[in-house]
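**Student:** The structure file query29.cif (mmCIF, C-alpha atoms; chains and numbers go by the auth columns) is provided below.
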data_entry
#
loop_
_atom_site.group_PDB
_atom_site.id
_atom_site.type_symbol
_atom_site.label_atom_id
_atom_site.label_comp_id
_atom_site.label_asym_id
_atom_site.label_seq_id
_atom_site.Cartn_x
_atom_site.Cartn_y
_atom_site.Cartn_z
_atom_site.B_iso_or_equiv
_atom_site.auth_seq_id
_atom_site.auth_asym_id
ATOM 1 C CA MET A 1 -9.591 41.340 -26.018 0.00 1210 E
ATOM 2 C CA THR A 2 -8.846 38.992 -23.133 0.00 1211 E
ATOM 3 C CA GLY A 3 -8.898 35.213 -23.164 0.00 1212 E
ATOM 4 C CA SER A 4 -8.688 32.207 -20.892 0.00 1213 E
ATOM 5 C CA LYS A 5 -7.826 28.638 -21.827 0.00 1214 E
ATOM 6 C CA SER A 6 -8.577 25.167 -20.526 0.00 1215 E
ATOM 7 C CA ALA A 7 -7.798 22.093 -22.636 0.00 1216 E
ATOM 8 C CA ALA A 8 -9.161 22.692 -26.159 0.00 1217 E
ATOM 9 C CA LEU A 9 -11.409 25.526 -24.970 0.00 1218 E
ATOM 10 C CA LEU A 10 -10.736 29.233 -25.293 0.00 1219 E
ATOM 11 C CA VAL A 11 -12.967 32.058 -24.053 0.00 1220 E
ATOM 12 C CA ILE A 12 -12.327 35.532 -25.458 0.00 1221 E
ATOM 13 C CA ASP A 13 -14.130 38.725 -24.447 0.00 1222 E
ATOM 14 C CA LEU A 14 -14.837 40.962 -27.429 0.00 1223 E
ATOM 15 C CA PRO A 15 -15.557 44.441 -26.064 0.00 1224 E
ATOM 16 C CA GLY A 16 -16.209 45.928 -29.505 0.00 1225 E
ATOM 17 C CA GLU A 17 -16.199 45.408 -33.236 0.00 1226 E
ATOM 18 C CA ALA A 18 -12.431 46.002 -33.449 0.00 1227 E
ATOM 19 C CA ALA A 19 -11.830 43.047 -31.099 0.00 1228 E
ATOM 20 C CA THR A 20 -14.117 40.894 -33.243 0.00 1229 E
ATOM 21 C CA ALA A 21 -12.164 41.942 -36.343 0.00 1230 E
ATOM 22 C CA ARG A 22 -8.859 41.017 -34.658 0.00 1231 E
ATOM 23 C CA LEU A 23 -10.200 37.567 -33.773 0.00 1232 E
ATOM 24 C CA ALA A 24 -11.458 37.171 -37.357 0.00 1233 E
ATOM 25 C CA GLY A 25 -8.021 38.143 -38.691 0.00 1234 E
ATOM 26 C CA ARG A 26 -6.312 35.486 -36.590 0.00 1235 E
ATOM 27 C CA LEU A 27 -8.940 32.940 -37.642 0.00 1236 E
ATOM 28 C CA ALA A 28 -8.431 33.812 -41.314 0.00 1237 E
ATOM 29 C CA ALA A 29 -4.692 33.173 -41.000 0.00 1238 E
ATOM 30 C CA LEU A 30 -5.366 29.644 -39.726 0.00 1239 E
ATOM 31 C CA LEU A 31 -7.889 28.526 -42.338 0.00 1240 E
ATOM 32 C CA ARG A 32 -7.007 25.624 -44.630 0.00 1241 E
ATOM 33 C CA PRO A 33 -8.914 23.767 -47.335 0.00 1242 E
ATOM 34 C CA ARG A 34 -11.542 21.409 -45.879 0.00 1243 E
ATOM 35 C CA ASP A 35 -11.872 23.432 -42.643 0.00 1244 E
ATOM 36 C CA VAL A 36 -15.337 23.799 -41.177 0.00 1245 E
ATOM 37 C CA VAL A 37 -16.073 26.615 -38.740 0.00 1246 E
ATOM 38 C CA ALA A 38 -19.451 26.398 -36.998 0.00 1247 E
ATOM 39 C CA LEU A 39 -20.686 29.774 -35.739 0.00 1248 E
ATOM 40 C CA HIS A 40 -23.234 29.474 -32.938 0.00 1249 E
ATOM 41 C CA GLY A 41 -25.194 32.251 -31.266 0.00 1250 E
ATOM 42 C CA GLY A 42 -28.484 34.053 -31.300 0.00 1251 E
ATOM 43 C CA LEU A 43 -29.535 36.871 -33.564 0.00 1252 E
ATOM 44 C CA GLY A 44 -27.257 39.892 -33.287 0.00 1253 E
ATOM 45 C CA THR A 45 -24.371 38.182 -31.506 0.00 1254 E
ATOM 46 C CA GLY A 46 -21.893 38.988 -34.280 0.00 1255 E
ATOM 47 C CA LYS A 47 -21.662 35.834 -36.407 0.00 1256 E
ATOM 48 C CA THR A 48 -21.919 37.692 -39.713 0.00 1257 E
ATOM 49 C CA SER A 49 -19.580 40.457 -38.494 0.00 1258 E
ATOM 50 C CA LEU A 50 -16.938 37.847 -37.673 0.00 1259 E
ATOM 51 C CA VAL A 51 -17.301 36.219 -41.104 0.00 1260 E
ATOM 52 C CA ARG A 52 -17.181 39.561 -42.924 0.00 1261 E
ATOM 53 C CA ALA A 53 -13.973 40.541 -41.142 0.00 1262 E
ATOM 54 C CA ALA A 54 -12.372 37.159 -41.925 0.00 1263 E
ATOM 55 C CA ILE A 55 -13.297 37.429 -45.608 0.00 1264 E
ATOM 56 C CA ARG A 56 -11.974 40.982 -45.803 0.00 1265 E
ATOM 57 C CA THR A 57 -8.712 39.805 -44.222 0.00 1266 E
ATOM 58 C CA LEU A 58 -8.353 37.066 -46.830 0.00 1267 E
ATOM 59 C CA GLY A 59 -9.358 39.321 -49.729 0.00 1268 E
ATOM 60 C CA ASP A 60 -8.098 42.761 -50.661 0.00 1269 E
ATOM 61 C CA GLY A 61 -9.932 44.510 -47.835 0.00 1270 E
ATOM 62 C CA ARG A 62 -12.507 46.082 -50.162 0.00 1271 E
ATOM 63 C CA GLU A 63 -14.519 42.906 -50.654 0.00 1272 E
ATOM 64 C CA VAL A 64 -18.282 43.418 -50.550 0.00 1273 E
ATOM 65 C CA VAL A 65 -19.503 40.789 -48.119 0.00 1274 E
ATOM 66 C CA PRO A 66 -23.289 40.490 -48.124 0.00 1275 E
ATOM 67 C CA SER A 67 -25.073 38.390 -45.557 0.00 1276 E
ATOM 68 C CA PRO A 68 -26.329 35.124 -47.068 0.00 1277 E
ATOM 69 C CA THR A 69 -29.548 35.333 -45.040 0.00 1278 E
ATOM 70 C CA PHE A 70 -31.698 35.250 -48.187 0.00 1279 E
ATOM 71 C CA THR A 71 -29.365 33.469 -50.620 0.00 1280 E
ATOM 72 C CA LEU A 72 -28.326 30.917 -47.939 0.00 1281 E
ATOM 73 C CA VAL A 73 -24.761 30.741 -49.298 0.00 1282 E
ATOM 74 C CA GLN A 74 -22.132 33.092 -50.700 0.00 1283 E
ATOM 75 C CA THR A 75 -18.849 31.896 -52.174 0.00 1284 E
ATOM 76 C CA TYR A 76 -15.542 33.743 -52.429 0.00 1285 E
ATOM 77 C CA GLU A 77 -12.773 32.608 -54.767 0.00 1286 E
ATOM 78 C CA LEU A 78 -9.606 33.325 -52.818 0.00 1287 E
ATOM 79 C CA PRO A 79 -5.997 32.561 -53.784 0.00 1288 E
ATOM 80 C CA GLU A 80 -5.657 29.573 -51.411 0.00 1289 E
ATOM 81 C CA PHE A 81 -9.198 28.144 -51.486 0.00 1290 E
ATOM 82 C CA THR A 82 -12.853 28.853 -52.094 0.00 1291 E
ATOM 83 C CA LEU A 83 -14.560 30.141 -48.976 0.00 1292 E
ATOM 84 C CA TRP A 84 -18.215 29.202 -48.511 0.00 1293 E
ATOM 85 C CA HIS A 85 -20.308 31.341 -46.147 0.00 1294 E
ATOM 86 C CA PHE A 86 -23.507 29.521 -45.231 0.00 1295 E
ATOM 87 C CA ASP A 87 -26.447 30.969 -43.294 0.00 1296 E
ATOM 88 C CA LEU A 88 -28.714 28.021 -42.600 0.00 1297 E
ATOM 89 C CA PHE A 89 -31.301 29.841 -40.477 0.00 1298 E
ATOM 90 C CA ARG A 90 -34.018 29.363 -43.091 0.00 1299 E
ATOM 91 C CA ILE A 91 -33.467 25.740 -44.108 0.00 1300 E
ATOM 92 C CA LYS A 92 -36.292 23.427 -43.076 0.00 1301 E
ATOM 93 C CA ALA A 93 -34.429 20.093 -42.887 0.00 1302 E
ATOM 94 C CA PRO A 94 -30.726 19.158 -42.707 0.00 1303 E
ATOM 95 C CA GLU A 95 -30.929 17.539 -46.158 0.00 1304 E
ATOM 96 C CA ASP A 96 -31.830 20.915 -47.683 0.00 1305 E
ATOM 97 C CA ALA A 97 -28.172 21.902 -47.302 0.00 1306 E
ATOM 98 C CA PHE A 98 -27.230 19.433 -50.044 0.00 1307 E
ATOM 99 C CA GLU A 99 -28.989 21.721 -52.539 0.00 1308 E
ATOM 100 C CA LEU A 100 -26.443 24.376 -51.536 0.00 1309 E
ATOM 101 C CA ASP A 101 -23.499 22.146 -52.592 0.00 1310 E
ATOM 102 C CA ILE A 102 -22.365 21.832 -48.989 0.00 1311 E
ATOM 103 C CA GLU A 103 -20.688 18.518 -49.824 0.00 1312 E
ATOM 104 C CA GLU A 104 -18.449 20.300 -52.337 0.00 1313 E
ATOM 105 C CA ALA A 105 -17.620 22.951 -49.740 0.00 1314 E
ATOM 106 C CA PHE A 106 -16.665 20.288 -47.178 0.00 1315 E
ATOM 107 C CA ALA A 107 -14.573 18.369 -49.733 0.00 1316 E
ATOM 108 C CA SER A 108 -12.336 21.169 -50.974 0.00 1317 E
ATOM 109 C CA GLY A 109 -13.221 24.607 -49.616 0.00 1318 E
ATOM 110 C CA VAL A 110 -13.433 26.378 -46.296 0.00 1319 E
ATOM 111 C CA SER A 111 -16.917 26.475 -44.777 0.00 1320 E
ATOM 112 C CA LEU A 112 -18.033 29.176 -42.359 0.00 1321 E
ATOM 113 C CA ILE A 113 -21.497 28.168 -41.194 0.00 1322 E
ATOM 114 C CA GLU A 114 -24.024 30.282 -39.332 0.00 1323 E
ATOM 115 C CA TRP A 115 -26.778 28.277 -37.596 0.00 1324 E
ATOM 116 C CA PRO A 116 -24.797 24.998 -37.957 0.00 1325 E
ATOM 117 C CA ASP A 117 -27.180 23.093 -35.687 0.00 1326 E
ATOM 118 C CA ARG A 118 -29.604 23.089 -38.642 0.00 1327 E
ATOM 119 C CA LEU A 119 -27.310 20.483 -40.271 0.00 1328 E
ATOM 120 C CA GLY A 120 -28.014 17.904 -37.566 0.00 1329 E
ATOM 121 C CA GLN A 121 -26.008 14.733 -38.207 0.00 1330 E
ATOM 122 C CA TRP A 122 -24.458 16.229 -41.364 0.00 1331 E
ATOM 123 C CA LEU A 123 -22.320 18.717 -39.403 0.00 1332 E
ATOM 124 C CA PRO A 124 -18.753 17.345 -39.566 0.00 1333 E
ATOM 125 C CA ALA A 125 -17.219 16.301 -36.245 0.00 1334 E
ATOM 126 C CA ALA A 126 -13.806 17.674 -37.257 0.00 1335 E
ATOM 127 C CA ARG A 127 -14.544 21.384 -36.934 0.00 1336 E
ATOM 128 C CA LEU A 128 -13.977 24.577 -35.010 0.00 1337 E
ATOM 129 C CA ASP A 129 -16.939 25.772 -32.947 0.00 1338 E
ATOM 130 C CA ILE A 130 -17.259 29.451 -32.087 0.00 1339 E
ATOM 131 C CA ALA A 131 -20.178 30.309 -29.820 0.00 1340 E
ATOM 132 C CA LEU A 132 -20.871 34.030 -29.654 0.00 1341 E
ATOM 133 C CA SER A 133 -22.932 35.514 -26.853 0.00 1342 E
ATOM 134 C CA PHE A 134 -23.706 38.901 -25.360 0.00 1343 E
ATOM 135 C CA ALA A 135 -21.389 39.941 -22.517 0.00 1344 E
ATOM 136 C CA GLY A 136 -22.228 43.345 -21.078 0.00 1345 E
ATOM 137 C CA PRO A 137 -21.906 45.935 -23.840 0.00 1346 E
ATOM 138 C CA GLY A 138 -19.767 43.573 -25.931 0.00 1347 E
ATOM 139 C CA ARG A 139 -19.663 39.929 -26.912 0.00 1348 E
ATOM 140 C CA ARG A 140 -17.925 36.774 -25.755 0.00 1349 E
ATOM 141 C CA ALA A 141 -16.512 34.057 -28.015 0.00 1350 E
ATOM 142 C CA THR A 142 -16.291 30.551 -26.602 0.00 1351 E
ATOM 143 C CA ILE A 143 -14.094 28.525 -28.922 0.00 1352 E
ATOM 144 C CA SER A 144 -13.561 24.784 -29.039 0.00 1353 E
ATOM 145 C CA GLY A 145 -12.524 22.362 -31.689 0.00 1354 E
ATOM 146 C CA ASN A 146 -11.424 18.921 -32.609 0.00 1355 E
ATOM 147 C CA GLY A 147 -9.747 17.281 -35.521 0.00 1356 E
ATOM 148 C CA GLY A 148 -6.982 19.533 -36.794 0.00 1357 E
ATOM 149 C CA TRP A 149 -8.296 22.454 -34.753 0.00 1358 E
ATOM 150 C CA THR A 150 -7.170 21.180 -31.362 0.00 1359 E
ATOM 151 C CA ALA A 151 -3.581 22.379 -31.882 0.00 1360 E
ATOM 152 C CA ARG A 152 -4.583 25.599 -33.701 0.00 1361 E
ATOM 153 C CA ILE A 153 -6.969 27.035 -31.079 0.00 1362 E
ATOM 154 C CA ALA A 154 -4.187 28.629 -29.006 0.00 1363 E
ATOM 155 C CA ALA A 155 -3.242 30.824 -31.989 0.00 1364 E
ATOM 156 C CA LEU A 156 -6.632 32.540 -31.769 0.00 1365 E
ATOM 157 C CA ASP A 157 -5.743 34.172 -28.436 0.00 1366 E
ATOM 158 C CA ASP A 158 -3.510 37.244 -28.031 0.00 1367 E
#
Taking this structure as input, can you express it in the form of structure tokens?
**Tutor:**
Amino acid sequence: MTGSKSAALLVIDLPGEAATARLAGRLAALLRPRDVVALHGGLGTGKTSLVRAAIRTLGDGREVVPSPTFTLVQTYELPEFTLWHFDLFRIKAPEDAFELDIEEAFASGVSLIEWPDRLGQWLPAARLDIALSFAGPGRRATISGNGGWTARIAALDD
């Protein structure tokens, strides 16, 4: 895994699933209540893989981590906080997310959100953005953030 930095932007090449898991492990160590992580990228770019690895890092490693593609949200009661994994691909309007208790997640939990653009104006400005894209046989993570994330982004790199 190799990275480059400029201001509050970090680009990390992820040549395989192990590199994605390492990034997820570092992300998991930084998460705090009320954090929002917006995961951008097309189908198959590794958003769910990154979330699964982060949840396994925070849990006991044997955690079953289903994709919330059909349920839209999965929650995990962890020692430090409740982690909310949202997959908003199938919501029709930003307001539909309120039926998923997204306000509660933002108020006290940690929110990992796939397809965050579906929230429109309801996506919090204070968040970490991770854009995953294909890069040769692997993936590339372009990471930026604001709010409390500005100072924490450097810890995501090797």
**Student:** Determine, counting all atoms listed in the file, which protein, DNA and RNA residues have an atom within 7 Å of an atom of segment 1254-1264 of chain E; residues of the same chain fewer than 3 positions away are not included. Present the result as a ChimeraX atom specification.
**Tutor:** /E:1229-1230,1233-1234,1236-1237,1248,1250-1251,1267-1268,1274,1276,1323,1341-1343,1348
**Student:** Looking at all atoms listed in the file, which of E:Gly1354, E:Gly1345, E:Pro1224, E:Gly1318 is the one that sits closest to His1294 of chain E?
**Tutor:** E:Gly1318
**Student:** Which residues match the PyMOL selection byres ((chain E and resi 1310) around 12) in the file above, as an mmCIF file with C-alpha atoms, in the coordinates of the input?
**Tutor:**
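Listed below is the output, result-v3.cif:
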data_model
loop_
_atom_site.group_PDB
_atom_site.id
_atom_site.type_symbol
_atom_site.label_atom_id
_atom_site.label_comp_id
_atom_site.auth_asym_id
_atom_site.auth_seq_id
_atom_site.Cartn_x
_atom_site.Cartn_y
_atom_site.Cartn_z
ATOM 1 C CA LEU E 1281 -28.326 30.917 -47.939
ATOM 2 C CA VAL E 1282 -24.761 30.741 -49.298
ATOM 3 C CA GLN E 1283 -22.132 33.092 -50.700
ATOM 4 C CA THR E 1284 -18.849 31.896 -52.174
ATOM 5 C CA TRP E 1293 -18.215 29.202 -48.511
ATOM 6 C CA HIS E 1294 -20.308 31.341 -46.147
ATOM 7 C CA PHE E 1295 -23.507 29.521 -45.231
ATOM 8 C CA GLU E 1304 -30.929 17.539 -46.158
ATOM 9 C CA ASP E 1305 -31.830 20.915 -47.683
ATOM 10 C CA ALA E 1306 -28.172 21.902 -47.302
ATOM 11 C CA PHE E 1307 -27.230 19.433 -50.044
ATOM 12 C CA GLU E 1308 -28.989 21.721 -52.539
ATOM 13 C CA LEU E 1309 -26.443 24.376 -51.536
ATOM 14 C CA ILE E 1311 -22.365 21.832 -48.989
ATOM 15 C CA GLU E 1312 -20.688 18.518 -49.824
ATOM 16 C CA GLU E 1313 -18.449 20.300 -52.337
ATOM 17 C CA ALA E 1314 -17.620 22.951 -49.740
ATOM 18 C CA PHE E 1315 -16.665 20.288 -47.178
ATOM 19 C CA ALA E 1316 -14.573 18.369 -49.733
ATOM 20 C CA SER E 1317 -12.336 21.169 -50.974
ATOM 21 C CA GLY E 1318 -13.221 24.607 -49.616
ATOM 22 C CA SER E 1320 -16.917 26.475 -44.777
#
**Student:** Here is a test: counting all atoms listed in the file, which residue of E:Lys1301, E:His1249, E:Arg1361, E:Arg1231 is nearest to Leu1321 of chain E?
**Tutor:**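 The closest residue to Leu1321 of chain E is E:His1249.
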**Student:** I'd like the contact shell of segment 1351-1353 of chain E - 9 Å cut-off, all atoms listed in the file, skipping same-chain residues fewer than 6 positions apart - returned as a list in words.
**Tutor:**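 That gives Ala1217, Leu1218, Leu1219, Val1220, Ile1221, Asp1222, Arg1336, Leu1337, Asp1338, Ile1339, Ala1340, Leu1341, Ser1342, Thr1359, Ile1362 and Leu1365 of chain E.
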**Student:** Evaluating the PyMOL selection byres ((chain E and resi 1335) around 8) on the displayed file yields which residues, as a list in words?
**Tutor:**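 Checked against the file, the PyMOL selection byres ((chain E and resi 1335) around 8) matches Val1245, Pro1333, Ala1334, Arg1336, Leu1337, Gly1354, Asn1355, Gly1356, Gly1357 and Trp1358 of chain E.
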**Student:** What gap, in Å, lies between atom CA of Leu1292 of chain E and atom CA of Leu1332 of chain E?
**Tutor:** 16.8 Å
**Student:** May I ask which of the residues E:Gly1347, E:Ala1228, E:Asp1366, E:Pro1242 is the closest one to Pro1288 of chain E, counting all atoms listed in the file?
**Tutor:**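 Of E:Gly1347, E:Ala1228, E:Asp1366, E:Pro1242, the one nearest Pro1288 of chain E, counting all atoms listed in the file, is E:Pro1242.
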**Student:** Take atom CA of Val1246 of chain E and atom CA of Tyr1285 of chain E and report the distance between them in Å, one decimal.
**Tutor:**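 Atom CA of Tyr1285 of chain E lies 15.4 Å from atom CA of Val1246 of chain E.
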**Student:** I'd like to know which of E:Leu1232, E:Ala1360, E:Val1319, E:Ala1344 is closest to Glu1286 of chain E, using only C-alpha atoms.
**Tutor:**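 The closest residue to Glu1286 of chain E is E:Val1319.
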**Student:** Using only C-alpha atoms, pick whichever of E:Ala1247, E:Leu1328, E:Ala1350, E:Ile1322 has the shortest atom-to-atom distance to Ala1302 of chain E.
**Tutor:**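 Of the candidates, the smallest distance to Ala1302 of chain E is held by E:Leu1328.
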